[in-house]
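Below is one structure, written out as structure tokens; comments come after it.
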Amino acid sequence: MSIQPTPGPPPGQGRGGDRPPETPEEPPGGAPQREAGPAAPTLRPARPRWRETLSLLAHNPTAAIASVLLLLIVVVAFFDDTLAPQGANEISVADRLQPPSWEHPFGTDDLGRDILSRVILGASVSLRVGFLAVGFALVVGTLIGLLAGYYGRWVDDVLMRFMDMLFAFPAVLLAIAVLAVRGPGSGNTALAIGIVYTPIFARVTRASVLGVREEVYVRASRSVGASDWRILTRHILPNAAPPIIVQTSISLAFAVLAEAALSFLGLGTQPPNPSWGLMLAEGRGFIELAWWLAFFPGMAIFLTVLCFNLLGDGLRDVLDPRQRTQMAGSSRAAATETGGEA
Amino acid sequence: MGDVLVSARGLEVHFPVRGGGKGGGVLRAVDGVDLDVLRGETLGLVGESGCGKSTLGNALLRLVPPTGGTVTFDGTDVTSLDRRGLKEMRRRAGMVFQDPFASLDPRRTVAQTVSEPLEVHGLRSGRRERAARVAELLELVGLDPAVAGRYPHEFSGGQRQRVGIARALAGEPDFLVCDEAIASLDVSVQAQVLNLLRRLQRQLGLTLLFVSHDLSAVRHISDRIAVMYLGRIVEIGPAAAVGADPQMPYTQALLSAVPVPHPAKERARERIVLRGDVPSPSAVPSGCRFRTRCPYVFEPCDDVDPALQPAGAPGQLAACHLHGVEGTPVTETPEGVTADP
Ligand SMILES: Nc1ncnc2c1ncn2[C@@H]1O[C@H](COP(=O)(O)OP(=O)(O)OP(=O)(O)O)[C@@H](O)[C@H]1O
Ligand code: SF4
Ligand SMILES: [Mg+2]
């Protein structure tokens, strides 16, 4: 496969008549000043890296399946009101603790509420908390990691010691502390989980930035007068992104799990709102009598967490620096082989 | 021609090194460099690997902060520039890096890379004007403007280096530091990129500092040559003079290692084989820094640091006591210096 661009030299170009006389060392006319066009035509069009990443991901079966399932879950969460056969809190005492049936595919709970509907409606709660939490951790943690890694010295010391302090706290304790101060509810749950994950993003980002910071192209950018902000946003962040993206996917899995755990403990989402963790907690008492109360929300958690993790693994494979280098290496080899400058 | 564009006086870049005592030592990458780069000239800077050439080139552009001395660029003191002044200076002075595979951001297209200086300095307003200028620049360095949308990994080394040169030229600089700009390219490509640089230098009236570890490569393209050893310029002068009749023993040794393309002369060529290795820049010898390897070492060399002084052809300077002991005593040897016993 040739990845060569084809700069076919138009006649007269490169040694334009309006230019001053060439030096004797420059080969006359024949040998082109302009880079000679590579022998092979271009087979691969230029395309941005993220599209390359997507297509690689599509060729990774587990990651592809996980992505499709996640997309499905997100769509369900988004259209939960339309998709749920019943309201979350439509109580029907006559239908209490019904096992799965055509009418109630996931059965009903002790108040006769349709579990399928509650699982669907709970998806949006779980995912919203997960995305909010990881969004918070991603933005704050990445910013902290960027600044710490790029500026180093005291900026690094101050920011990372602070992150270490947060990190040293047991996660559940920290979340409980946040919720104790701000009160329960899904917004605060997201905040609590977000704070817990911030140091992880800060660390991952910082480590990645430390590598990119020393790259020659960063110095090259500085040499043409680019500001720190420009260097950070245009060069360092894009090149430091792969591990951050992987971390995002894996953190989403943990955030969904954490939301369930906190709700299970009664600190997260409050009844009667549907949340997978809360449903799990409520179904716990009936586990021998009516397994479906806990089983379906549990499966929803399991599936979502699994998919985020598998996607994270797939992304890691695709974005793995070594794999990238191998690819770059092969194209580099191809480039030198067919290099037309000889 | 004739007037000074870039000038260094007593320029020092010392890096702290870990270990070696509580205070830690210093690595003297650049250690008291006096250098004038004349407007419009090509100055070759040669020296062995690790002698501080890159650090000097970077320090002249303030890409590495000097720890001592001054650098002036077109009359203004570079070391005390404010943010805005520094930015303008970086428009007027560019750098071409050694490794074209490392110096281009892999996630940015050629157009994005080349137009960065335009955006940073607001040189062309509007997307279309910038794109036109990028096309112009690509053509100037001998690339098809149609490649603007491509990513660096799609190019060969020589093509990438042309992109790097286009980026360095985008701000319409007066001064270009080429740090081993052709060293990592295929031999066949080296001549092409070298010729490109020469053409650009003439066409655009650039002042070039051409850094290389290879004296023979620099000899043909430079107006003057400066030779660096352990962080110091030890000889400087017209390329013909330094290349044919060097006055400093180190340059003589460097030159004697260059094969002569003439069988009879090649046989007659005397090789000066230096003894020992280059001392570490964190333990620079007292007196003449070359004395540990110099075949001519004599008494003043141990204590007196030789200064650059006229030697050989007009305009040629060498730092060696063989041309008269007029050096300044070094601070490292405070126990009295007998310059003239
Ligand atoms: N940022 C730094 N921190 C510490 N030491 C450095 C740093 N940069 C360079 N050095 C040291 O300074 C000395 C001079 O390095 P420099 O890169 O300037 O040499 P050079 O002449 O360009 O060599 P080469 O031909 O290998 O490129 C070397 O000993 C190097 O290890
Ligand atoms: S000063 Fe002495 S040691 Fe240094 S180069 Fe001259 S003769 Fe050799
Ligand atoms: Mg170097």
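In the structure tokens, each chain is lettered A, B, ... as it comes, each chain's residues begin at 1, and ligands are numbered from 1 in order of appearance.
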
Point to revise | Selection within 10 Å of ligand 2 by only C-alpha atoms and all ligand atoms, output as a PyMOL selection string | key: chain B and resi 234+247-251+287-307+318-325+327

Dump N, CA and C atoms for the selected residues as a short mmCIF file (atom, residue, chain, number, x, y, z; two decimals), in the first residue's frame?
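Result saved to result33.cif:
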data_model
loop_
_atom_site.label_atom_id
_atom_site.label_comp_id
_atom_site.auth_asym_id
_atom_site.auth_seq_id
_atom_site.Cartn_x
_atom_site.Cartn_y
_atom_site.Cartn_z
N VAL B 234 35.93 27.54 19.41
CA VAL B 234 37.39 27.52 19.52
C VAL B 234 38.08 28.04 18.26
N GLN B 247 43.79 26.89 12.35
CA GLN B 247 44.82 27.40 13.25
C GLN B 247 44.73 26.80 14.64
N MET B 248 43.66 26.10 14.91
CA MET B 248 43.47 25.54 16.24
C MET B 248 43.67 24.03 16.13
N PRO B 249 44.44 23.43 17.01
CA PRO B 249 44.74 22.00 16.88
C PRO B 249 43.49 21.12 16.77
N TYR B 250 42.44 21.52 17.45
CA TYR B 250 41.22 20.70 17.36
C TYR B 250 40.65 20.70 15.95
N THR B 251 40.59 21.88 15.34
CA THR B 251 40.08 21.96 13.97
C THR B 251 40.98 21.18 13.02
N GLY B 287 42.02 25.73 32.33
CA GLY B 287 42.87 26.22 31.26
C GLY B 287 42.23 26.02 29.91
N CYS B 288 43.01 25.57 28.95
CA CYS B 288 42.43 25.29 27.64
C CYS B 288 41.60 24.02 27.73
N ARG B 289 40.36 24.09 27.27
CA ARG B 289 39.49 22.92 27.43
C ARG B 289 39.89 21.77 26.53
N PHE B 290 40.79 22.04 25.60
CA PHE B 290 41.22 21.00 24.68
C PHE B 290 42.52 20.33 25.15
N ARG B 291 43.06 20.80 26.27
CA ARG B 291 44.42 20.38 26.62
C ARG B 291 44.54 18.89 26.90
N THR B 292 43.46 18.23 27.33
CA THR B 292 43.55 16.81 27.63
C THR B 292 43.77 15.96 26.38
N ARG B 293 43.54 16.56 25.20
CA ARG B 293 43.69 15.77 23.99
C ARG B 293 44.64 16.42 22.99
N CYS B 294 45.13 17.57 23.34
CA CYS B 294 45.90 18.33 22.37
C CYS B 294 47.32 17.77 22.22
N PRO B 295 47.77 17.57 20.96
CA PRO B 295 49.14 17.06 20.77
C PRO B 295 50.21 18.13 21.05
N TYR B 296 49.81 19.41 21.12
CA TYR B 296 50.81 20.48 21.27
C TYR B 296 50.81 21.08 22.67
N VAL B 297 50.14 20.47 23.59
CA VAL B 297 49.94 21.11 24.89
C VAL B 297 51.27 21.55 25.50
N PHE B 298 51.30 22.78 26.01
CA PHE B 298 52.50 23.29 26.69
C PHE B 298 52.06 24.06 27.94
N GLU B 299 53.03 24.67 28.68
CA GLU B 299 52.65 25.03 30.05
C GLU B 299 51.44 25.95 30.23
N PRO B 300 51.32 27.04 29.48
CA PRO B 300 50.19 27.92 29.82
C PRO B 300 48.83 27.23 29.65
N CYS B 301 48.79 26.14 28.89
CA CYS B 301 47.52 25.50 28.56
C CYS B 301 46.79 24.97 29.79
N ASP B 302 47.54 24.59 30.82
CA ASP B 302 46.90 24.03 32.01
C ASP B 302 46.10 25.05 32.79
N ASP B 303 46.56 26.29 32.78
CA ASP B 303 45.97 27.27 33.68
C ASP B 303 45.21 28.38 32.98
N VAL B 304 45.64 28.71 31.78
CA VAL B 304 45.06 29.88 31.13
C VAL B 304 44.08 29.45 30.05
N ASP B 305 42.88 29.96 30.16
CA ASP B 305 41.84 29.68 29.18
C ASP B 305 42.08 30.58 27.98
N PRO B 306 42.44 30.02 26.83
CA PRO B 306 42.77 30.89 25.70
C PRO B 306 41.53 31.58 25.15
N ALA B 307 41.67 32.86 24.82
CA ALA B 307 40.56 33.59 24.20
C ALA B 307 40.75 33.54 22.69
N ALA B 318 41.32 32.09 16.45
CA ALA B 318 41.48 30.78 17.07
C ALA B 318 41.76 30.98 18.55
N ALA B 319 41.25 30.05 19.36
CA ALA B 319 41.49 30.11 20.80
C ALA B 319 42.59 29.11 21.13
N CYS B 320 43.82 29.55 21.01
CA CYS B 320 44.94 28.65 21.25
C CYS B 320 46.18 29.45 21.59
N HIS B 321 46.90 29.01 22.60
CA HIS B 321 48.09 29.73 23.06
C HIS B 321 49.23 29.68 22.06
N LEU B 322 49.14 28.78 21.09
CA LEU B 322 50.19 28.73 20.08
C LEU B 322 50.26 30.05 19.32
N HIS B 323 49.19 30.81 19.39
CA HIS B 323 49.16 32.10 18.70
C HIS B 323 49.41 33.24 19.67
N GLY B 324 50.12 32.97 20.73
CA GLY B 324 50.41 34.01 21.72
C GLY B 324 49.57 33.81 22.95
N VAL B 325 50.21 33.87 24.10
CA VAL B 325 49.48 33.65 25.34
C VAL B 325 48.90 34.96 25.80
N GLY B 327 45.50 34.87 26.86
CA GLY B 327 44.21 34.45 27.40
C GLY B 327 43.91 35.04 28.76
#

Around ligand 3, at most 10 Å away and counting only C-alpha atoms and all ligand atoms, which residues are there? Put them as a PDB file with N, CA and C atoms, in the first residue's frame, please.
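Listing of pocket.pdb after writing:
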ATOM      1  N   GLY B  47      31.166  20.667  15.158  1.00  0.00           N
ATOM      2  CA  GLY B  47      31.730  20.151  16.401  1.00  0.00           C
ATOM      3  C   GLY B  47      31.201  18.754  16.622  1.00  0.00           C
ATOM      4  N   GLU B  48      31.883  18.014  17.483  1.00  0.00           N
ATOM      5  CA  GLU B  48      31.472  16.641  17.739  1.00  0.00           C
ATOM      6  C   GLU B  48      30.114  16.591  18.447  1.00  0.00           C
ATOM      7  N   SER B  49      29.531  15.416  18.443  1.00  0.00           N
ATOM      8  CA  SER B  49      28.247  15.236  19.117  1.00  0.00           C
ATOM      9  C   SER B  49      28.383  15.563  20.606  1.00  0.00           C
ATOM     10  N   GLY B  50      27.435  16.325  21.100  1.00  0.00           N
ATOM     11  CA  GLY B  50      27.437  16.637  22.522  1.00  0.00           C
ATOM     12  C   GLY B  50      28.226  17.866  22.898  1.00  0.00           C
ATOM     13  N   CYS B  51      28.798  18.570  21.904  1.00  0.00           N
ATOM     14  CA  CYS B  51      29.624  19.726  22.248  1.00  0.00           C
ATOM     15  C   CYS B  51      28.782  20.971  22.503  1.00  0.00           C
ATOM     16  N   GLY B  52      27.483  20.874  22.276  1.00  0.00           N
ATOM     17  CA  GLY B  52      26.603  21.988  22.625  1.00  0.00           C
ATOM     18  C   GLY B  52      26.086  22.788  21.442  1.00  0.00           C
ATOM     19  N   LYS B  53      26.208  22.252  20.238  1.00  0.00           N
ATOM     20  CA  LYS B  53      25.764  22.991  19.063  1.00  0.00           C
ATOM     21  C   LYS B  53      24.266  23.274  19.102  1.00  0.00           C
ATOM     22  N   SER B  54      23.492  22.211  19.375  1.00  0.00           N
ATOM     23  CA  SER B  54      22.036  22.394  19.391  1.00  0.00           C
ATOM     24  C   SER B  54      21.633  23.343  20.502  1.00  0.00           C
ATOM     25  N   THR B  55      22.262  23.184  21.654  1.00  0.00           N
ATOM     26  CA  THR B  55      21.919  24.048  22.779  1.00  0.00           C
ATOM     27  C   THR B  55      22.226  25.501  22.426  1.00  0.00           C
ATOM     28  N   LEU B  56      23.360  25.730  21.751  1.00  0.00           N
ATOM     29  CA  LEU B  56      23.700  27.095  21.339  1.00  0.00           C
ATOM     30  C   LEU B  56      22.651  27.635  20.367  1.00  0.00           C
ATOM     31  N   GLY B  57      22.309  26.827  19.363  1.00  0.00           N
ATOM     32  CA  GLY B  57      21.304  27.256  18.393  1.00  0.00           C
ATOM     33  C   GLY B  57      19.980  27.584  19.070  1.00  0.00           C
ATOM     34  N   ASN B  58      19.586  26.735  20.018  1.00  0.00           N
ATOM     35  CA  ASN B  58      18.334  26.966  20.742  1.00  0.00           C
ATOM     36  C   ASN B  58      18.422  28.201  21.628  1.00  0.00           C
ATOM     37  N   PHE B  97      14.562  21.539  12.193  1.00  0.00           N
ATOM     38  CA  PHE B  97      15.049  20.540  13.138  1.00  0.00           C
ATOM     39  C   PHE B  97      15.668  19.345  12.434  1.00  0.00           C
ATOM     40  N   GLN B  98      16.406  18.580  13.215  1.00  0.00           N
ATOM     41  CA  GLN B  98      17.150  17.463  12.638  1.00  0.00           C
ATOM     42  C   GLN B  98      16.239  16.360  12.119  1.00  0.00           C
ATOM     43  N   ASP B 179      19.399  22.983  12.381  1.00  0.00           N
ATOM     44  CA  ASP B 179      20.099  22.108  13.317  1.00  0.00           C
ATOM     45  C   ASP B 179      20.208  20.708  12.722  1.00  0.00           C
ATOM     46  N   GLU B 180      21.327  20.406  12.137  1.00  0.00           N
ATOM     47  CA  GLU B 180      21.548  19.106  11.491  1.00  0.00           C
ATOM     48  C   GLU B 180      20.371  18.788  10.579  1.00  0.00           C
ATOM     49  N   ALA B 181      19.988  19.776   9.795  1.00  0.00           N
ATOM     50  CA  ALA B 181      18.741  19.666   9.044  1.00  0.00           C
ATOM     51  C   ALA B 181      18.762  18.557   8.006  1.00  0.00           C
ATOM     52  N   VAL B 211      24.066  24.142  11.422  1.00  0.00           N
ATOM     53  CA  VAL B 211      24.706  23.310  12.434  1.00  0.00           C
ATOM     54  C   VAL B 211      24.967  21.920  11.875  1.00  0.00           C
ATOM     55  N   SER B 212      26.166  21.409  12.076  1.00  0.00           N
ATOM     56  CA  SER B 212      26.477  20.066  11.589  1.00  0.00           C
ATOM     57  C   SER B 212      27.651  19.495  12.366  1.00  0.00           C
ATOM     58  N   HIS B 213      27.706  18.164  12.451  1.00  0.00           N
ATOM     59  CA  HIS B 213      28.872  17.572  13.082  1.00  0.00           C
ATOM     60  C   HIS B 213      29.918  17.222  12.030  1.00  0.00           C
TER      61      HIS B 213
END

Practice item. In Å, rounded to a single decimal, give me how far CA of Ala202 (chain A) is from CA of Leu70 (chain A). Key: 25.8 Å

Per residue of chain B within 8 Å of chain A, what are the shortest atom pair and its distance in Å to one decimal, counting only C-alpha atoms, with rows by chain and residue number, as a tab-separated table?
residue	atom	partner	partner_atom	distance
B:Leu61	CA	A:Ser223	CA	7.7
B:Leu63	CA	A:Ser223	CA	6.7
B:Leu86	CA	A:Gly225	CA	7.7
B:Lys87	CA	A:Gly225	CA	4.9
B:Glu88	CA	A:Gly225	CA	7.5
B:Arg90	CA	A:Gly225	CA	5.2
B:Arg91	CA	A:Val224	CA	5.9
B:Ala93	CA	A:Val224	CA	8.0
B:Gly94	CA	A:Val224	CA	6.4
B:Met95	CA	A:Ser223	CA	6.6
B:Phe97	CA	A:Ala220	CA	7.7
B:Ala102	CA	A:Val216	CA	5.6
B:Ser103	CA	A:Tyr217	CA	4.1
B:Leu104	CA	A:Tyr217	CA	5.1
B:Asp105	CA	A:Tyr217	CA	5.4
B:Arg107	CA	A:Arg49	CA	7.0
B:Glu116	CA	A:Ser221	CA	7.8
B:Pro117	CA	A:Val224	CA	5.6
B:Val120	CA	A:Ala226	CA	5.8
B:His121	CA	A:Gly225	CA	7.7
B:Glu139	CA	A:Gly14	CA	6.6
B:Leu140	CA	A:Gly14	CA	6.9
B:Val141	CA	A:Arg34	CA	7.1
B:Gly142	CA	A:Arg34	CA	3.6
B:Leu143	CA	A:Glu35	CA	5.8
B:Asp144	CA	A:Pro7	CA	4.5
B:Pro145	CA	A:Pro7	CA	7.7
B:Ala146	CA	A:Pro7	CA	6.9
B:Val147	CA	A:Pro5	CA	6.3
B:Gly149	CA	A:Ala46	CA	6.8
B:Arg150	CA	A:Ala46	CA	5.2
B:Tyr151	CA	A:Ala46	CA	6.8
B:His153	CA	A:Ala328	CA	6.5
B:Glu154	CA	A:Ile3	CA	5.0
B:Phe155	CA	A:Gln4	CA	5.9
B:Ser156	CA	A:Ala335	CA	4.7
B:Gly157	CA	A:Thr336	CA	7.0
B:Gly158	CA	A:Glu341	CA	7.0
B:Gln159	CA	A:Glu35	CA	6.9
B:Ala168	CA	A:Val224	CA	7.1
B:Gly171	CA	A:Val224	CA	7.7
B:Ser188	CA	A:Ala342	CA	5.2
B:Val189	CA	A:Glu341	CA	5.7
B:Gln192	CA	A:Gln33	CA	7.2
B:Asn195	CA	A:Glu26	CA	5.9
B:Leu196	CA	A:Gln33	CA	7.0
B:Arg199	CA	A:Glu22	CA	7.0
B:Gln203	CA	A:Pro20	CA	6.6

Revision key, fill the gap. Between CA of Leu123 (chain B) and CA of Tyr151 (chain A) lies a distance of 28.5 Å

Exercise for review: Taking the chain letters and numbering used in this document, name the residues of region 96-274 of chain A that DSSP puts in alpha helix (DSSP H), as an MDAnalysis selection string.
Suggested key: chainID A and resid 115:151 153:168 171:182 186:213 216:223 228:230 237:264

Exercise for review: Might you pull out every residue within 9 Å of Ala239 (chain B), with only C-alpha atoms counted and same-chain residues fewer than 4 positions away left off, and present them as a ChimeraX atom specification?
Suggested key: /B:43-44,218-226,243-244

**Study point:** Spatial neighbours of region 117-133 of chain A, 8 Å, only C-alpha atoms, chain gap at least 6 places, as a ChimeraX atom specification
**Key:** /A:73-74,76-78,80-81,83-88,186-187,189-195,252-253,255-256,259-260,273-276,296-297,300

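Proximity of A:Glu214, A:Gly312, A:Ile115, A:Leu69 to ligand 1, computed with only C-alpha atoms and all ligand atoms, is greatest for A:Glu214.
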